[in-house]
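Data file: work-v2.cif. Format and content: mmCIF, C-alpha atoms.
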data_query
#
loop_
_atom_site.label_atom_id
_atom_site.label_comp_id
_atom_site.auth_asym_id
_atom_site.auth_seq_id
_atom_site.Cartn_x
_atom_site.Cartn_y
_atom_site.Cartn_z
CA MET A 1 -21.30 22.17 -34.81
CA ILE A 2 -17.92 23.93 -34.66
CA LYS A 3 -18.53 24.91 -31.04
CA LEU A 4 -19.38 21.30 -30.21
CA VAL A 5 -16.16 20.08 -31.81
CA LYS A 6 -14.12 22.70 -29.93
CA THR A 7 -15.78 21.67 -26.68
CA ARG A 8 -14.99 18.00 -27.32
CA VAL A 9 -11.38 18.84 -28.15
CA LYS A 10 -11.01 20.88 -24.95
CA GLN A 11 -12.51 18.03 -22.91
CA PHE A 12 -10.12 15.56 -24.55
CA TRP A 13 -7.07 17.69 -23.77
CA ALA A 14 -8.27 18.24 -20.22
CA ILE A 15 -8.56 14.47 -19.71
CA LEU A 16 -5.18 13.91 -21.37
CA THR A 17 -3.56 16.53 -19.15
CA LEU A 18 -5.12 14.98 -16.05
CA LEU A 19 -3.89 11.52 -17.01
CA SER A 20 -0.43 12.86 -17.68
CA ILE A 21 -0.33 14.52 -14.25
CA GLU A 22 -1.50 11.29 -12.60
CA LEU A 23 1.15 9.31 -14.48
CA ILE A 24 3.86 11.76 -13.47
CA ILE A 25 2.77 11.59 -9.82
CA VAL A 26 2.74 7.77 -9.90
CA LEU A 27 6.21 7.62 -11.46
CA VAL A 28 7.62 10.16 -9.00
CA VAL A 29 6.20 8.26 -6.00
CA PHE A 30 7.37 4.88 -7.33
CA PHE A 31 10.94 5.94 -8.06
CA SER A 32 11.16 7.97 -4.85
CA ALA A 33 10.22 4.83 -2.91
CA LEU A 34 12.77 2.81 -4.90
CA ILE A 35 15.56 5.33 -4.25
CA ALA A 36 14.68 5.51 -0.55
CA PHE A 37 14.70 1.70 -0.31
CA MET A 38 18.11 1.47 -1.98
CA PHE A 39 19.45 4.19 0.32
CA LEU A 40 18.26 2.26 3.40
CA ILE A 41 19.94 -0.92 2.14
CA LYS A 42 23.17 1.01 1.68
CA MET A 43 22.92 2.64 5.10
CA VAL A 44 21.97 -0.46 7.08
CA PHE A 45 23.75 -3.33 5.35
CA LEU A 46 26.70 -1.79 3.52
CA GLU A 47 27.70 1.01 5.89
CA ASN A 48 26.27 -0.48 9.13
CA LYS A 49 25.06 2.92 10.28
CA THR A 50 22.68 2.85 13.26
CA VAL A 51 22.52 6.53 14.21
CA PHE A 52 19.15 7.10 12.56
CA ASP A 53 17.55 4.07 14.23
CA MET A 54 18.98 4.89 17.64
CA ARG A 55 17.74 8.47 17.45
CA ALA A 56 14.27 7.20 16.55
CA PHE A 57 14.27 4.89 19.60
CA SER A 58 15.50 7.76 21.77
CA LEU A 59 12.71 10.01 20.55
CA MET A 60 10.04 7.36 21.13
CA SER A 61 11.34 6.59 24.63
CA ARG A 62 10.37 10.12 25.69
CA LEU A 63 6.76 9.40 24.74
CA VAL A 64 6.37 6.14 26.65
CA SER A 65 3.38 6.02 29.00
CA ASP A 66 0.67 3.50 29.80
CA MET A 67 -1.91 5.35 27.70
CA ASN A 68 0.43 5.78 24.72
CA THR A 69 1.40 2.12 24.90
CA ASP A 70 -2.26 1.07 24.75
CA VAL A 71 -2.82 3.35 21.75
CA MET A 72 0.28 2.04 19.97
CA GLN A 73 -0.74 -1.57 20.63
CA PHE A 74 -4.12 -0.82 19.06
CA PHE A 75 -2.56 0.64 15.91
CA SER A 76 -0.06 -2.22 15.77
CA PHE A 77 -2.95 -4.72 15.91
CA LEU A 78 -4.50 -3.07 12.83
CA GLY A 79 -1.39 -4.11 10.91
CA THR A 80 -1.30 -7.75 12.08
CA HIS A 81 -2.48 -10.79 10.14
CA TYR A 82 -5.07 -11.32 12.88
CA PHE A 83 -6.84 -8.21 11.59
CA LEU A 84 -5.77 -7.99 7.94
CA ILE A 85 -6.75 -11.55 6.95
CA PRO A 86 -10.41 -11.15 8.07
CA ALA A 87 -10.43 -7.60 6.65
CA ASN A 88 -9.29 -8.89 3.25
CA LEU A 89 -11.90 -11.66 3.32
CA VAL A 90 -14.65 -9.17 4.17
CA LEU A 91 -13.52 -6.94 1.31
CA VAL A 92 -13.53 -9.87 -1.13
CA PHE A 93 -17.03 -10.87 0.02
CA TYR A 94 -18.24 -7.28 -0.33
CA PHE A 95 -17.04 -6.85 -3.91
CA LEU A 96 -17.98 -10.37 -4.98
CA PHE A 97 -21.51 -10.64 -3.63
CA ILE A 98 -22.70 -7.11 -2.79
CA ARG A 99 -21.07 -4.75 -5.28
CA LYS A 100 -20.75 -7.48 -7.94
CA HIS A 101 -17.34 -6.08 -8.90
CA ARG A 102 -15.44 -9.19 -9.97
CA TRP A 103 -12.12 -7.51 -10.71
CA TYR A 104 -11.94 -5.77 -7.34
CA SER A 105 -12.68 -9.09 -5.64
CA ILE A 106 -9.69 -10.52 -7.55
CA ARG A 107 -7.36 -7.61 -6.83
CA VAL A 108 -7.77 -7.79 -3.07
CA PRO A 109 -6.45 -11.35 -2.49
CA VAL A 110 -3.87 -11.15 -5.30
CA ILE A 111 -2.28 -8.00 -3.89
CA ALA A 112 -2.49 -9.25 -0.30
CA LEU A 113 -0.90 -12.64 -1.02
CA SER A 114 1.76 -11.31 -3.39
CA SER A 115 2.70 -8.55 -0.94
CA MET A 116 3.07 -11.07 1.85
CA LEU A 117 5.22 -13.32 -0.34
CA MET A 118 7.43 -10.40 -1.36
CA MET A 119 7.82 -9.34 2.27
CA PHE A 120 8.87 -12.85 3.39
CA LEU A 121 11.35 -13.16 0.52
CA LEU A 122 12.99 -9.84 1.43
CA LYS A 123 13.13 -10.72 5.12
CA THR A 124 14.77 -14.03 4.28
CA PHE A 125 17.24 -12.36 1.96
CA PHE A 126 18.36 -9.58 4.33
CA GLN A 127 18.26 -11.65 7.56
CA ARG A 128 18.25 -8.64 9.91
CA PRO A 129 17.58 -9.59 13.55
CA ARG A 130 14.94 -7.80 15.61
CA PRO A 131 15.86 -5.07 18.12
CA LEU A 132 17.17 -6.65 21.33
CA MET A 133 15.20 -4.57 23.86
CA PRO A 134 11.46 -4.56 22.99
CA LEU A 135 9.17 -2.43 25.12
CA LEU A 136 6.79 -5.28 25.99
CA GLU A 137 7.70 -8.63 24.48
CA GLN A 138 10.00 -9.96 21.79
CA ALA A 139 8.44 -10.20 18.33
CA LYS A 140 9.01 -13.30 16.22
CA GLY A 141 10.72 -13.42 12.86
CA LEU A 142 13.16 -11.12 11.10
CA SER A 143 13.19 -7.35 11.03
CA PHE A 144 13.88 -5.88 7.56
CA PRO A 145 11.56 -4.80 6.05
CA SER A 146 8.70 -4.38 8.51
CA GLY A 147 5.85 -6.72 7.67
CA HIS A 148 3.34 -4.44 9.38
CA ALA A 149 4.45 -1.49 7.25
CA THR A 150 4.49 -3.50 4.02
CA MET A 151 1.09 -5.14 4.50
CA SER A 152 -0.51 -1.93 5.79
CA CYS A 153 0.63 -0.05 2.69
CA SER A 154 -0.72 -2.84 0.50
CA PHE A 155 -4.13 -3.19 2.16
CA TYR A 156 -4.93 0.37 3.20
CA GLY A 157 -3.17 1.69 0.10
CA LEU A 158 -5.52 -0.42 -2.03
CA LEU A 159 -8.45 1.12 -0.14
CA ILE A 160 -7.03 4.56 -0.94
CA TYR A 161 -6.87 3.61 -4.62
CA MET A 162 -10.47 2.35 -4.58
CA VAL A 163 -11.74 5.49 -2.85
CA TYR A 164 -9.82 7.71 -5.27
CA ARG A 165 -11.31 5.87 -8.26
CA SER A 166 -14.84 5.84 -6.84
CA ARG A 167 -17.32 7.87 -8.88
CA SER A 168 -20.01 7.89 -6.20
CA THR A 169 -17.86 9.51 -3.51
CA SER A 170 -17.71 13.30 -3.25
CA PRO A 171 -14.32 15.07 -3.42
CA ILE A 172 -14.58 16.17 0.21
CA ALA A 173 -15.39 12.64 1.38
CA LYS A 174 -12.51 11.29 -0.71
CA PHE A 175 -10.10 13.76 0.88
CA LEU A 176 -11.24 12.91 4.41
CA ILE A 177 -11.19 9.13 3.90
CA ILE A 178 -7.81 9.13 2.14
CA SER A 179 -6.32 11.43 4.80
CA CYS A 180 -7.53 9.11 7.58
CA LEU A 181 -6.11 6.06 5.81
CA VAL A 182 -2.72 7.75 5.30
CA VAL A 183 -2.61 8.71 8.99
CA LEU A 184 -3.54 5.12 9.90
CA ILE A 185 -0.71 3.67 7.78
CA ILE A 186 1.83 6.05 9.33
CA SER A 187 0.51 5.33 12.85
CA ILE A 188 0.92 1.58 12.34
CA GLY A 189 4.53 2.13 11.31
CA VAL A 190 5.21 4.45 14.23
CA SER A 191 3.71 1.92 16.65
CA ARG A 192 6.29 -0.68 15.64
CA VAL A 193 9.16 1.68 16.46
CA TYR A 194 7.47 2.80 19.69
CA LEU A 195 7.12 -0.83 20.80
CA ARG A 196 10.77 -1.40 19.81
CA VAL A 197 10.01 -4.46 17.72
CA HIS A 198 11.30 -2.78 14.56
CA TYR A 199 13.95 -0.24 13.71
CA ALA A 200 12.75 2.96 12.03
CA SER A 201 14.68 1.92 8.91
CA ASP A 202 12.69 -1.35 8.85
CA VAL A 203 9.43 0.58 8.88
CA ILE A 204 10.43 3.06 6.17
CA ALA A 205 11.72 0.17 4.04
CA GLY A 206 8.38 -1.60 4.55
CA PHE A 207 6.51 1.50 3.41
CA CYS A 208 8.72 1.70 0.31
CA VAL A 209 8.21 -1.97 -0.55
CA GLY A 210 4.45 -1.75 0.07
CA ILE A 211 4.07 1.35 -2.12
CA MET A 212 6.15 -0.05 -4.99
CA TRP A 213 4.50 -3.46 -4.96
CA LEU A 214 1.00 -1.97 -4.71
CA MET A 215 1.60 0.32 -7.69
CA LEU A 216 3.16 -2.44 -9.75
CA SER A 217 0.37 -4.90 -8.87
CA ILE A 218 -2.39 -2.43 -9.72
CA TRP A 219 -0.72 -1.61 -13.05
CA ILE A 220 -0.39 -5.30 -13.98
CA LEU A 221 -3.92 -6.18 -12.88
CA ASN A 222 -5.34 -3.18 -14.77
CA LYS A 223 -3.56 -4.37 -17.92
CA ILE A 224 -4.94 -7.90 -17.46
CA GLU A 225 -8.46 -6.54 -16.87
CA LEU A 226 -8.27 -4.36 -19.98
CA TYR A 227 -6.93 -7.27 -22.06
CA SER A 228 -9.69 -9.61 -20.87
CA LYS A 229 -12.41 -7.05 -21.63
CA ARG A 230 -11.04 -6.54 -25.15
CA ASN A 231 -11.09 -10.28 -25.73
CA VAL A 232 -14.70 -10.50 -24.53
CA ILE A 233 -15.75 -7.66 -26.85
CA ALA A 234 -13.85 -9.22 -29.75
CA LEU A 235 -15.61 -12.59 -29.39
CA PRO A 236 -18.21 -13.16 -32.16
CA PRO A 237 -21.77 -13.71 -31.03
CA THR A 238 -22.73 -17.37 -30.74
CA ALA A 239 -25.06 -18.73 -33.34
CA THR A 240 -28.55 -19.57 -32.19
CA ASN A 241 -30.67 -22.43 -33.58
#

What is this file in structure tokens?
Amino acid sequence: MIKLVKTRVKQFWAILTLLSIELIIVLVVFFSALIAFMFLIKMVFLENKTVFDMRAFSLMSRLVSDMNTDVMQFFSFLGTHYFLIPANLVLVFYFLFIRKHRWYSIRVPVIALSSMLMMFLLKTFFQRPRPLMPLLEQAKGLSFPSGHATMSCSFYGLLIYMVYRSRSTSPIAKFLIISCLVVLIISIGVSRVYLRVHYASDVIAGFCVGIMWLMLSIWILNKIELYSKRNVIALPPTATN
């Protein structure tokens, strides 16, 4: 009996330690993204410094070729609404009708729509014009923060969260899938600078906004889910005739 109690106590402290580490990591990532975003605002809008962005364009110009342009256009497409809207709908359908996971089917559209709204509000507020010399054709809309970077972090970041929380996926598979998704997010951001439709500071700002909003949205939705489940459990059973 004593051994069983000791085992349970050790398991409890192991879980508590793990949760604490996860919380610390989440807080560090969130506030790092916030600090980076504030630094970019200061650099771009208060100090009007363009050295970083110009160096990024200079570096990308050395890599320009027909094959690289095709590759970058492909990655850029994976961050457009033409791809992400159907992808979100497929994900909602999957969790709603196949996996029967109601809360995941709610999270997907809520995070997608709220991220898009946040991105448009920030673009409207900062009013930064696009780069003047795109590689192929001029992109529409404003530049800061990058919509591709923001929406990619929100959508593919949510997939990363789902994979990480999955109990049926092996640790090796989790590592491989998450690594591929991280590389995909970065590649989408790089493609926007390569195509010269965004400054590098736009892309990094988009990553920061996407990360912060995703974390905040998941936290809020988790709280709502937990609250709703407690209310369901607390409801008294209905009387039967």

Test item: residues at most 12 Å from stretch 83-95 of chain A, only C-alpha atoms, excluding those fewer than 2 positions along its chain, as a PyMOL selection string: chain A and resi 74-81+97-113+116+147-148+150-156+158-159+162

Output for the residues just chosen: C-alpha atoms as a JSON list (two decimals), in the frame of the given file:
[["chain", "number", "residue", "atom", "x", "y", "z"],
["A", 74, "PHE", "CA", -4.12, -0.82, 19.06],
["A", 75, "PHE", "CA", -2.56, 0.64, 15.91],
["A", 76, "SER", "CA", -0.06, -2.22, 15.77],
["A", 77, "PHE", "CA", -2.95, -4.72, 15.91],
["A", 78, "LEU", "CA", -4.50, -3.07, 12.83],
["A", 79, "GLY", "CA", -1.39, -4.11, 10.91],
["A", 80, "THR", "CA", -1.30, -7.75, 12.08],
["A", 81, "HIS", "CA", -2.48, -10.79, 10.14],
["A", 97, "PHE", "CA", -21.51, -10.64, -3.63],
["A", 98, "ILE", "CA", -22.70, -7.11, -2.79],
["A", 99, "ARG", "CA", -21.07, -4.75, -5.28],
["A", 100, "LYS", "CA", -20.75, -7.48, -7.94],
["A", 101, "HIS", "CA", -17.34, -6.08, -8.90],
["A", 102, "ARG", "CA", -15.44, -9.19, -9.97],
["A", 103, "TRP", "CA", -12.12, -7.51, -10.71],
["A", 104, "TYR", "CA", -11.94, -5.77, -7.34],
["A", 105, "SER", "CA", -12.68, -9.09, -5.64],
["A", 106, "ILE", "CA", -9.69, -10.52, -7.55],
["A", 107, "ARG", "CA", -7.36, -7.61, -6.83],
["A", 108, "VAL", "CA", -7.77, -7.79, -3.07],
["A", 109, "PRO", "CA", -6.45, -11.35, -2.49],
["A", 110, "VAL", "CA", -3.87, -11.15, -5.30],
["A", 111, "ILE", "CA", -2.28, -8.00, -3.89],
["A", 112, "ALA", "CA", -2.49, -9.25, -0.30],
["A", 113, "LEU", "CA", -0.90, -12.64, -1.02],
["A", 116, "MET", "CA", 3.07, -11.07, 1.85],
["A", 147, "GLY", "CA", 5.85, -6.72, 7.67],
["A", 148, "HIS", "CA", 3.34, -4.44, 9.38],
["A", 150, "THR", "CA", 4.49, -3.50, 4.02],
["A", 151, "MET", "CA", 1.09, -5.14, 4.50],
["A", 152, "SER", "CA", -0.51, -1.93, 5.79],
["A", 153, "CYS", "CA", 0.63, -0.05, 2.69],
["A", 154, "SER", "CA", -0.72, -2.84, 0.50],
["A", 155, "PHE", "CA", -4.13, -3.19, 2.16],
["A", 156, "TYR", "CA", -4.93, 0.37, 3.20],
["A", 158, "LEU", "CA", -5.52, -0.42, -2.03],
["A", 159, "LEU", "CA", -8.45, 1.12, -0.14],
["A", 162, "MET", "CA", -10.47, 2.35, -4.58]]

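Put simply, the PyMOL selection byres ((chain A and resi 59-68) around 10) on this file hits Asp53, Met54, Arg55, Ala56, Phe57, Ser58, Thr69, Asp70, Val71, Met72, Gln73, Phe74, Leu135, Val190, Ser191, Val193, Tyr194, Leu195 and Arg196 of chain A.
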
Mind writing the picked residues with C-alpha atoms as a compact mmCIF listing (two decimals), keeping the file's coordinate frame?
# COMPACT_ATOMS: atom_id res chain seq x y z
CA ASP A 53 17.55 4.07 14.23
CA MET A 54 18.98 4.89 17.64
CA ARG A 55 17.74 8.47 17.45
CA ALA A 56 14.27 7.20 16.55
CA PHE A 57 14.27 4.89 19.60
CA SER A 58 15.50 7.76 21.77
CA THR A 69 1.40 2.12 24.90
CA ASP A 70 -2.26 1.07 24.75
CA VAL A 71 -2.82 3.35 21.75
CA MET A 72 0.28 2.04 19.97
CA GLN A 73 -0.74 -1.57 20.63
CA PHE A 74 -4.12 -0.82 19.06
CA LEU A 135 9.17 -2.43 25.12
CA VAL A 190 5.21 4.45 14.23
CA SER A 191 3.71 1.92 16.65
CA VAL A 193 9.16 1.68 16.46
CA TYR A 194 7.47 2.80 19.69
CA LEU A 195 7.12 -0.83 20.80
CA ARG A 196 10.77 -1.40 19.81

From the list A:Ile41, A:Leu23, A:Ile160, A:Leu216, the nearest residue to A:Leu184 using all atoms listed in the file is A:Ile160

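Residues with any atom within 12 Å of A:Leu132, counting all atoms listed in the file and excluding same-chain neighbours fewer than 4 positions away, are Arg128, Leu136, Glu137, Gln138, Ala139, Lys140, Leu142, Ser143, Leu195, Arg196, Val197, His198 and Tyr199 of chain A.
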
Generate the output file for the selected residues, C-alpha atoms, as a compact mmCIF listing (two decimals), in the coordinates of the input.
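Heads up, here's the output in out_25.txt:
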# COMPACT_ATOMS: atom_id res chain seq x y z
CA ARG A 128 18.25 -8.64 9.91
CA LEU A 136 6.79 -5.28 25.99
CA GLU A 137 7.70 -8.63 24.48
CA GLN A 138 10.00 -9.96 21.79
CA ALA A 139 8.44 -10.20 18.33
CA LYS A 140 9.01 -13.30 16.22
CA LEU A 142 13.16 -11.12 11.10
CA SER A 143 13.19 -7.35 11.03
CA LEU A 195 7.12 -0.83 20.80
CA ARG A 196 10.77 -1.40 19.81
CA VAL A 197 10.01 -4.46 17.72
CA HIS A 198 11.30 -2.78 14.56
CA TYR A 199 13.95 -0.24 13.71

message = To one decimal place in Å, what is the distance between atom CA of A:Leu46 and atom CA of A:Ile188?
response =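 For atom CA of A:Leu46 relative to atom CA of A:Ile188, the distance reads 27.5 Å.
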
| request: Using all atoms listed in the file, collect all residues at a distance of at most 8 Å from (-10.8, 12.8, -5.2) as written in the file, then present them as a count of residues only. | output: 9

Could you please determine the separation between atom CA of A:Gly189 and atom CA of A:Gly141 in Å, to one decimal place?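 Separating atom CA of A:Gly189 from atom CA of A:Gly141 is a distance of 16.8 Å.
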
_I need the residue nearest A:Val209 from this list: A:Val51, A:Met118, A:Ile178, A:Met133. Use only C-alpha atoms for the distance._
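Result for the nearest residue to A:Val209: A:Met118.
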
Correct to one decimal, the distance atom CA of A:Ile218-atom CA of A:Leu117 is 16.3 Å

Show me, as a ChimeraX atom specification, the residues that have an atom within 12 Å of A:Val29 when counting only C-alpha atoms, minus same-chain residues fewer than 5 positions from it. /A:22-24,34-36,207-216

Missing atoms in stretch 48-62 of chain A need filling: write out N, CA, C and O atoms for it as a PDB file, in the coordinates of the input.
ATOM      1  N   ASN A  48      26.542  -0.119   7.724  1.00  0.00           N
ATOM      2  CA  ASN A  48      26.270  -0.480   9.130  1.00  0.00           C
ATOM      3  C   ASN A  48      26.044   0.736  10.027  1.00  0.00           C
ATOM      4  O   ASN A  48      26.496   0.779  11.170  1.00  0.00           O
ATOM      5  N   LYS A  49      25.348   1.719   9.505  1.00  0.00           N
ATOM      6  CA  LYS A  49      25.060   2.920  10.280  1.00  0.00           C
ATOM      7  C   LYS A  49      23.777   2.716  11.095  1.00  0.00           C
ATOM      8  O   LYS A  49      22.761   2.272  10.563  1.00  0.00           O
ATOM      9  N   THR A  50      23.824   3.046  12.364  1.00  0.00           N
ATOM     10  CA  THR A  50      22.680   2.850  13.260  1.00  0.00           C
ATOM     11  C   THR A  50      22.219   4.146  13.924  1.00  0.00           C
ATOM     12  O   THR A  50      21.320   4.115  14.761  1.00  0.00           O
ATOM     13  N   VAL A  51      22.834   5.256  13.553  1.00  0.00           N
ATOM     14  CA  VAL A  51      22.520   6.530  14.210  1.00  0.00           C
ATOM     15  C   VAL A  51      21.054   6.891  14.050  1.00  0.00           C
ATOM     16  O   VAL A  51      20.383   7.281  15.016  1.00  0.00           O
ATOM     17  N   PHE A  52      20.543   6.749  12.830  1.00  0.00           N
ATOM     18  CA  PHE A  52      19.150   7.100  12.560  1.00  0.00           C
ATOM     19  C   PHE A  52      18.196   6.263  13.409  1.00  0.00           C
ATOM     20  O   PHE A  52      17.263   6.788  14.039  1.00  0.00           O
ATOM     21  N   ASP A  53      18.428   4.962  13.465  1.00  0.00           N
ATOM     22  CA  ASP A  53      17.550   4.070  14.230  1.00  0.00           C
ATOM     23  C   ASP A  53      17.629   4.352  15.728  1.00  0.00           C
ATOM     24  O   ASP A  53      16.603   4.333  16.428  1.00  0.00           O
ATOM     25  N   MET A  54      18.819   4.620  16.218  1.00  0.00           N
ATOM     26  CA  MET A  54      18.980   4.890  17.640  1.00  0.00           C
ATOM     27  C   MET A  54      18.313   6.212  18.037  1.00  0.00           C
ATOM     28  O   MET A  54      17.733   6.339  19.113  1.00  0.00           O
ATOM     29  N   ARG A  55      18.397   7.191  17.173  1.00  0.00           N
ATOM     30  CA  ARG A  55      17.740   8.470  17.450  1.00  0.00           C
ATOM     31  C   ARG A  55      16.221   8.306  17.463  1.00  0.00           C
ATOM     32  O   ARG A  55      15.527   8.938  18.268  1.00  0.00           O
ATOM     33  N   ALA A  56      15.714   7.460  16.572  1.00  0.00           N
ATOM     34  CA  ALA A  56      14.270   7.200  16.550  1.00  0.00           C
ATOM     35  C   ALA A  56      13.828   6.527  17.843  1.00  0.00           C
ATOM     36  O   ALA A  56      12.800   6.895  18.436  1.00  0.00           O
ATOM     37  N   PHE A  57      14.600   5.537  18.327  1.00  0.00           N
ATOM     38  CA  PHE A  57      14.270   4.890  19.600  1.00  0.00           C
ATOM     39  C   PHE A  57      14.353   5.890  20.752  1.00  0.00           C
ATOM     40  O   PHE A  57      13.520   5.867  21.669  1.00  0.00           O
ATOM     41  N   SER A  58      15.342   6.760  20.715  1.00  0.00           N
ATOM     42  CA  SER A  58      15.500   7.760  21.770  1.00  0.00           C
ATOM     43  C   SER A  58      14.312   8.708  21.805  1.00  0.00           C
ATOM     44  O   SER A  58      13.807   9.057  22.882  1.00  0.00           O
ATOM     45  N   LEU A  59      13.860   9.123  20.635  1.00  0.00           N
ATOM     46  CA  LEU A  59      12.710  10.010  20.550  1.00  0.00           C
ATOM     47  C   LEU A  59      11.454   9.330  21.083  1.00  0.00           C
ATOM     48  O   LEU A  59      10.683   9.922  21.856  1.00  0.00           O
ATOM     49  N   MET A  60      11.228   8.081  20.696  1.00  0.00           N
ATOM     50  CA  MET A  60      10.040   7.360  21.130  1.00  0.00           C
ATOM     51  C   MET A  60      10.063   7.078  22.632  1.00  0.00           C
ATOM     52  O   MET A  60       9.011   7.047  23.277  1.00  0.00           O
ATOM     53  N   SER A  61      11.239   6.895  23.193  1.00  0.00           N
ATOM     54  CA  SER A  61      11.340   6.590  24.630  1.00  0.00           C
ATOM     55  C   SER A  61      10.821   7.741  25.488  1.00  0.00           C
ATOM     56  O   SER A  61      10.359   7.530  26.610  1.00  0.00           O
ATOM     57  N   ARG A  62      10.878   8.954  24.961  1.00  0.00           N
ATOM     58  CA  ARG A  62      10.370  10.120  25.690  1.00  0.00           C
ATOM     59  C   ARG A  62       8.843  10.154  25.725  1.00  0.00           C
ATOM     60  O   ARG A  62       8.252  10.884  26.527  1.00  0.00           O
TER      61      ARG A  62
END
